[in-house]
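Presented below is the structure to which this report refers.
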Amino acid sequence: MSLGVRDIVRSYDSPVVRTYAAIRFQILRQRFLDEIGQYLPEQGRILDVGCGFGLFALYFAGQSAGRDVQGFDYNARRIAMATRSAERIGLANCRFTVADAAVAAIDQPFDAVYMLDILHHIPVPAVAPLISRITHSLAPGGRLIVKDVADRPVHKRWFTWALDKAMDYRTPVSYWCIDDMRRMLAGQGYVVHVHQMVDYLPYPHVIYVCTRNGGPA
Ligand SMILES: C[S@@+](CC[C@H](N)C(=O)[O-])C[C@H]1O[C@@H](n2cnc3c(N)ncnc32)[C@H](O)[C@@H]1O
């Protein structure tokens, strides 16, 4: 089983969402999917926090039938579309629920958790408690992958801010400096490796690969 990006884009009913999905897969294209995907187990339970329309949960579930991928987002409309797409594609190993990451209980065990461009939308005081709840749900040696955008360079930060506000002008936005994010994650008991992904698009992409309890990096 190997699901392609095109199959996922085509699975949405709305042409607007299909266009968004195609653009999102241009921003987080194959290079990023491979970079993130290499840290996710082929077998096991994986959580996508702030999954939006479910593009990447569908993608990573579609890469291996041994993965059980769960995604949540506080936007009920996006979750309904993600659920509809999983049904249409026929993916039985991918499920979606509505929840607010700032307060959601994460009480099931997971082998890996990832968060793609959501942490900068979480109010800063709620971030460390959220990471703590994720950490408690992760198996020893399990990985947390955080893909976010940094606060530097300034022109890239403004570009990202304009796009975030264009998508939803009400959404809170706080871009973290890389050292603060690294310190916060390390303070929660992770070995943290930081990859800055230089891109032709003006995004200050950063991937934090966090391994719990010093398991293999
Ligand atoms: C930039 S989008 C990224 C979506 C998805 N991770 C992706 O990469 O396509 C940010 C997502 O975070 C969600 N979000 C923001 N704050 C949230 C919160 N407190 N709890 C759950 N989801 C949240 C938004 O609804 C949106 O779907």
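Residues in the structure tokens are numbered from 1 in each chain, the chains being A, B, ... in the order shown, and ligands are numbered from 1 in the order shown.
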Could you please extract the residues within 6 Å of ligand 1, counting only C-alpha atoms and all ligand atoms, and hand them back as a PyMOL selection string?
chain A and resi 50-52+55+73-75+99-102+116-118+121-122
Please identify all polymer residues within 10 Å of A:Leu58, counting only C-alpha atoms, omitting same-chain residues fewer than 3 positions from it, and present them as an MDAnalysis selection string.
chainID A and resid 3:5 7:8 51 53:55 61:63 69:71 82:83 85:86 89 91 93:95
Taking into account only C-alpha atoms, which residue in the set A:Val206, A:Leu47, A:Leu201, A:Ala22 is nearest to A:Ile134?
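Closest to A:Ile134, using only C-alpha atoms: A:Leu47.
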List the neighbours of A:His193 out to 9 Å using only C-alpha atoms; skip same-chain residues closer than 3 positions along the sequence, and give me the result as an MDAnalysis selection string.
chainID A and resid 182 207:211 217
Skipping near chain neighbours, those fewer than 3 positions away, what residues fall within 12 Å of A:Arg143 using only C-alpha atoms, listed as a ChimeraX atom specification?
/A:36-41,44-47,110-115,131,134-140,146,185,189-193,208-217
Would you write out those residues with N, CA and C atoms, as a compact mmCIF listing (two decimals), in the first residue's frame?
# COMPACT_ATOMS: atom_id res chain seq x y z
N ILE A 36 10.47 13.97 7.52
CA ILE A 36 9.64 13.70 8.70
C ILE A 36 9.31 12.22 8.80
N GLY A 37 8.96 11.61 7.65
CA GLY A 37 8.51 10.22 7.64
C GLY A 37 9.56 9.25 8.14
N GLN A 38 10.85 9.57 7.94
CA GLN A 38 11.91 8.63 8.36
C GLN A 38 11.91 8.44 9.88
N TYR A 39 11.35 9.39 10.62
CA TYR A 39 11.35 9.29 12.08
C TYR A 39 10.08 8.63 12.62
N LEU A 40 9.14 8.31 11.73
CA LEU A 40 7.89 7.68 12.18
C LEU A 40 8.01 6.17 12.02
N PRO A 41 7.55 5.40 13.02
CA PRO A 41 7.66 3.95 12.89
C PRO A 41 6.75 3.42 11.79
N GLY A 44 2.73 0.90 14.43
CA GLY A 44 2.50 1.52 15.73
C GLY A 44 1.51 2.66 15.66
N ARG A 45 1.29 3.25 16.82
CA ARG A 45 0.27 4.29 16.96
C ARG A 45 0.93 5.67 16.85
N ILE A 46 0.37 6.47 15.98
CA ILE A 46 0.96 7.79 15.70
C ILE A 46 -0.13 8.85 15.86
N LEU A 47 0.23 9.96 16.50
CA LEU A 47 -0.73 11.06 16.72
C LEU A 47 -0.28 12.29 15.92
N PHE A 110 1.17 6.46 22.62
CA PHE A 110 1.56 6.58 21.21
C PHE A 110 3.04 6.23 21.05
N ASP A 111 3.37 5.72 19.86
CA ASP A 111 4.78 5.41 19.54
C ASP A 111 5.47 6.65 18.95
N ALA A 112 4.69 7.52 18.35
CA ALA A 112 5.25 8.76 17.81
C ALA A 112 4.15 9.80 17.74
N VAL A 113 4.56 11.05 17.88
CA VAL A 113 3.61 12.17 17.78
C VAL A 113 4.26 13.21 16.88
N TYR A 114 3.48 13.82 15.99
CA TYR A 114 4.05 14.94 15.21
C TYR A 114 3.07 16.11 15.18
N MET A 115 3.67 17.29 14.99
CA MET A 115 2.91 18.54 14.97
C MET A 115 3.47 19.38 13.83
N ILE A 131 3.16 19.93 25.57
CA ILE A 131 4.29 19.01 25.32
C ILE A 131 4.38 17.99 26.45
N ILE A 134 1.87 15.33 25.91
CA ILE A 134 2.32 14.45 24.81
C ILE A 134 3.41 13.51 25.33
N THR A 135 4.35 14.06 26.11
CA THR A 135 5.47 13.25 26.61
C THR A 135 4.96 12.07 27.43
N HIS A 136 3.95 12.33 28.25
CA HIS A 136 3.41 11.24 29.08
C HIS A 136 2.75 10.15 28.24
N SER A 137 2.32 10.51 27.04
CA SER A 137 1.64 9.51 26.20
C SER A 137 2.63 8.73 25.34
N LEU A 138 3.89 9.19 25.29
CA LEU A 138 4.87 8.57 24.39
C LEU A 138 5.58 7.41 25.07
N ALA A 139 5.75 6.34 24.31
CA ALA A 139 6.53 5.20 24.81
C ALA A 139 7.99 5.66 25.00
N PRO A 140 8.72 5.03 25.96
CA PRO A 140 10.15 5.37 26.10
C PRO A 140 10.86 5.14 24.77
N VAL A 146 8.41 17.98 15.74
CA VAL A 146 7.77 19.29 15.64
C VAL A 146 8.32 19.98 14.40
N LEU A 185 11.86 22.11 24.79
CA LEU A 185 11.70 20.67 24.48
C LEU A 185 12.69 19.83 25.29
N GLY A 189 12.55 16.58 28.80
CA GLY A 189 13.14 15.24 28.83
C GLY A 189 13.46 14.65 27.47
N TYR A 190 13.64 15.49 26.47
CA TYR A 190 13.96 14.98 25.13
C TYR A 190 15.42 15.28 24.77
N VAL A 191 15.99 14.37 23.97
CA VAL A 191 17.20 14.71 23.22
C VAL A 191 16.69 15.37 21.94
N VAL A 192 17.13 16.60 21.67
CA VAL A 192 16.55 17.38 20.57
C VAL A 192 17.58 17.62 19.47
N HIS A 193 17.22 17.25 18.25
CA HIS A 193 18.05 17.57 17.08
C HIS A 193 17.27 18.58 16.23
N TYR A 208 12.21 19.93 14.59
CA TYR A 208 12.80 19.51 15.88
C TYR A 208 12.50 18.02 16.01
N VAL A 209 13.55 17.23 16.02
CA VAL A 209 13.38 15.78 16.18
C VAL A 209 13.70 15.47 17.64
N CYS A 210 12.68 15.07 18.39
CA CYS A 210 12.81 14.93 19.84
C CYS A 210 12.64 13.47 20.21
N THR A 211 13.65 12.91 20.85
CA THR A 211 13.59 11.51 21.24
C THR A 211 13.50 11.43 22.76
N ARG A 212 12.49 10.72 23.25
CA ARG A 212 12.25 10.66 24.68
C ARG A 212 13.26 9.75 25.36
N ASN A 213 13.74 10.16 26.49
CA ASN A 213 14.63 9.35 27.32
C ASN A 213 15.89 8.90 26.61
N GLY A 214 16.37 9.69 25.65
CA GLY A 214 17.65 9.37 25.02
C GLY A 214 17.68 8.11 24.20
N GLY A 215 16.55 7.70 23.61
CA GLY A 215 16.54 6.57 22.68
C GLY A 215 17.29 6.93 21.41
N PRO A 216 17.27 6.08 20.35
CA PRO A 216 18.07 6.35 19.15
C PRO A 216 17.61 7.62 18.44
N ALA A 217 18.54 8.47 18.04
CA ALA A 217 18.18 9.74 17.38
C ALA A 217 18.16 9.54 15.87
Residue with the minimum atom-to-atom distance to A:Pro202, picked from A:Lys156, A:His120, A:Arg31, A:Arg67 with only C-alpha atoms counted, is A:Lys156
Report as a ChimeraX atom specification: the residues of stretch 5-202 of chain A with a DSSP assignment of strand (DSSP E), based on the backbone of this structure.
/A:44-49,67-73,94-98,110-116,138-149,190-196
What's the 12 Å shell around A:Ile23, counting only C-alpha atoms, without same-chain residues fewer than 5 positions away, as a list in words?
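The filter keeps Val5, Arg6, Val9, Val16, Val17, Arg18, Leu28, Arg29, Leu55 and Leu201 of chain A.
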Among the residues A:Val103, A:Met81, A:Ala76, A:Val49, the one that comes closest to A:Ser14 [using only C-alpha atoms]:
A:Met81
Among the residues A:Ala57, A:Ser64, A:Ile145, A:Arg24, the one that comes closest to A:Glu42 [using only C-alpha atoms]:
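Of the candidates, the smallest distance to A:Glu42 is held by A:Ser64.
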Using DSSP assignments from the backbone, pull out every residue in stretch 90-158 of chain A that falls under alpha helix (DSSP H) and give it to me as a list in words.
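Matching residues for alpha helix (DSSP H) in stretch 90-158 of chain A are Val124, Pro125, Ala126, Val127, Ala128, Pro129, Leu130, Ile131, Ser132, Arg133, Ile134, Thr135, His136, Ser137, Val154, His155, Lys156, Arg157 and Trp158 of chain A.
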Measuring between only C-alpha atoms, which one of A:Met167, A:Val127, A:Ile106, A:Ile178 shows the shortest distance to A:Arg152?
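Between A:Met167, A:Val127, A:Ile106, A:Ile178, the residue approaching A:Arg152 most closely is A:Ile178.
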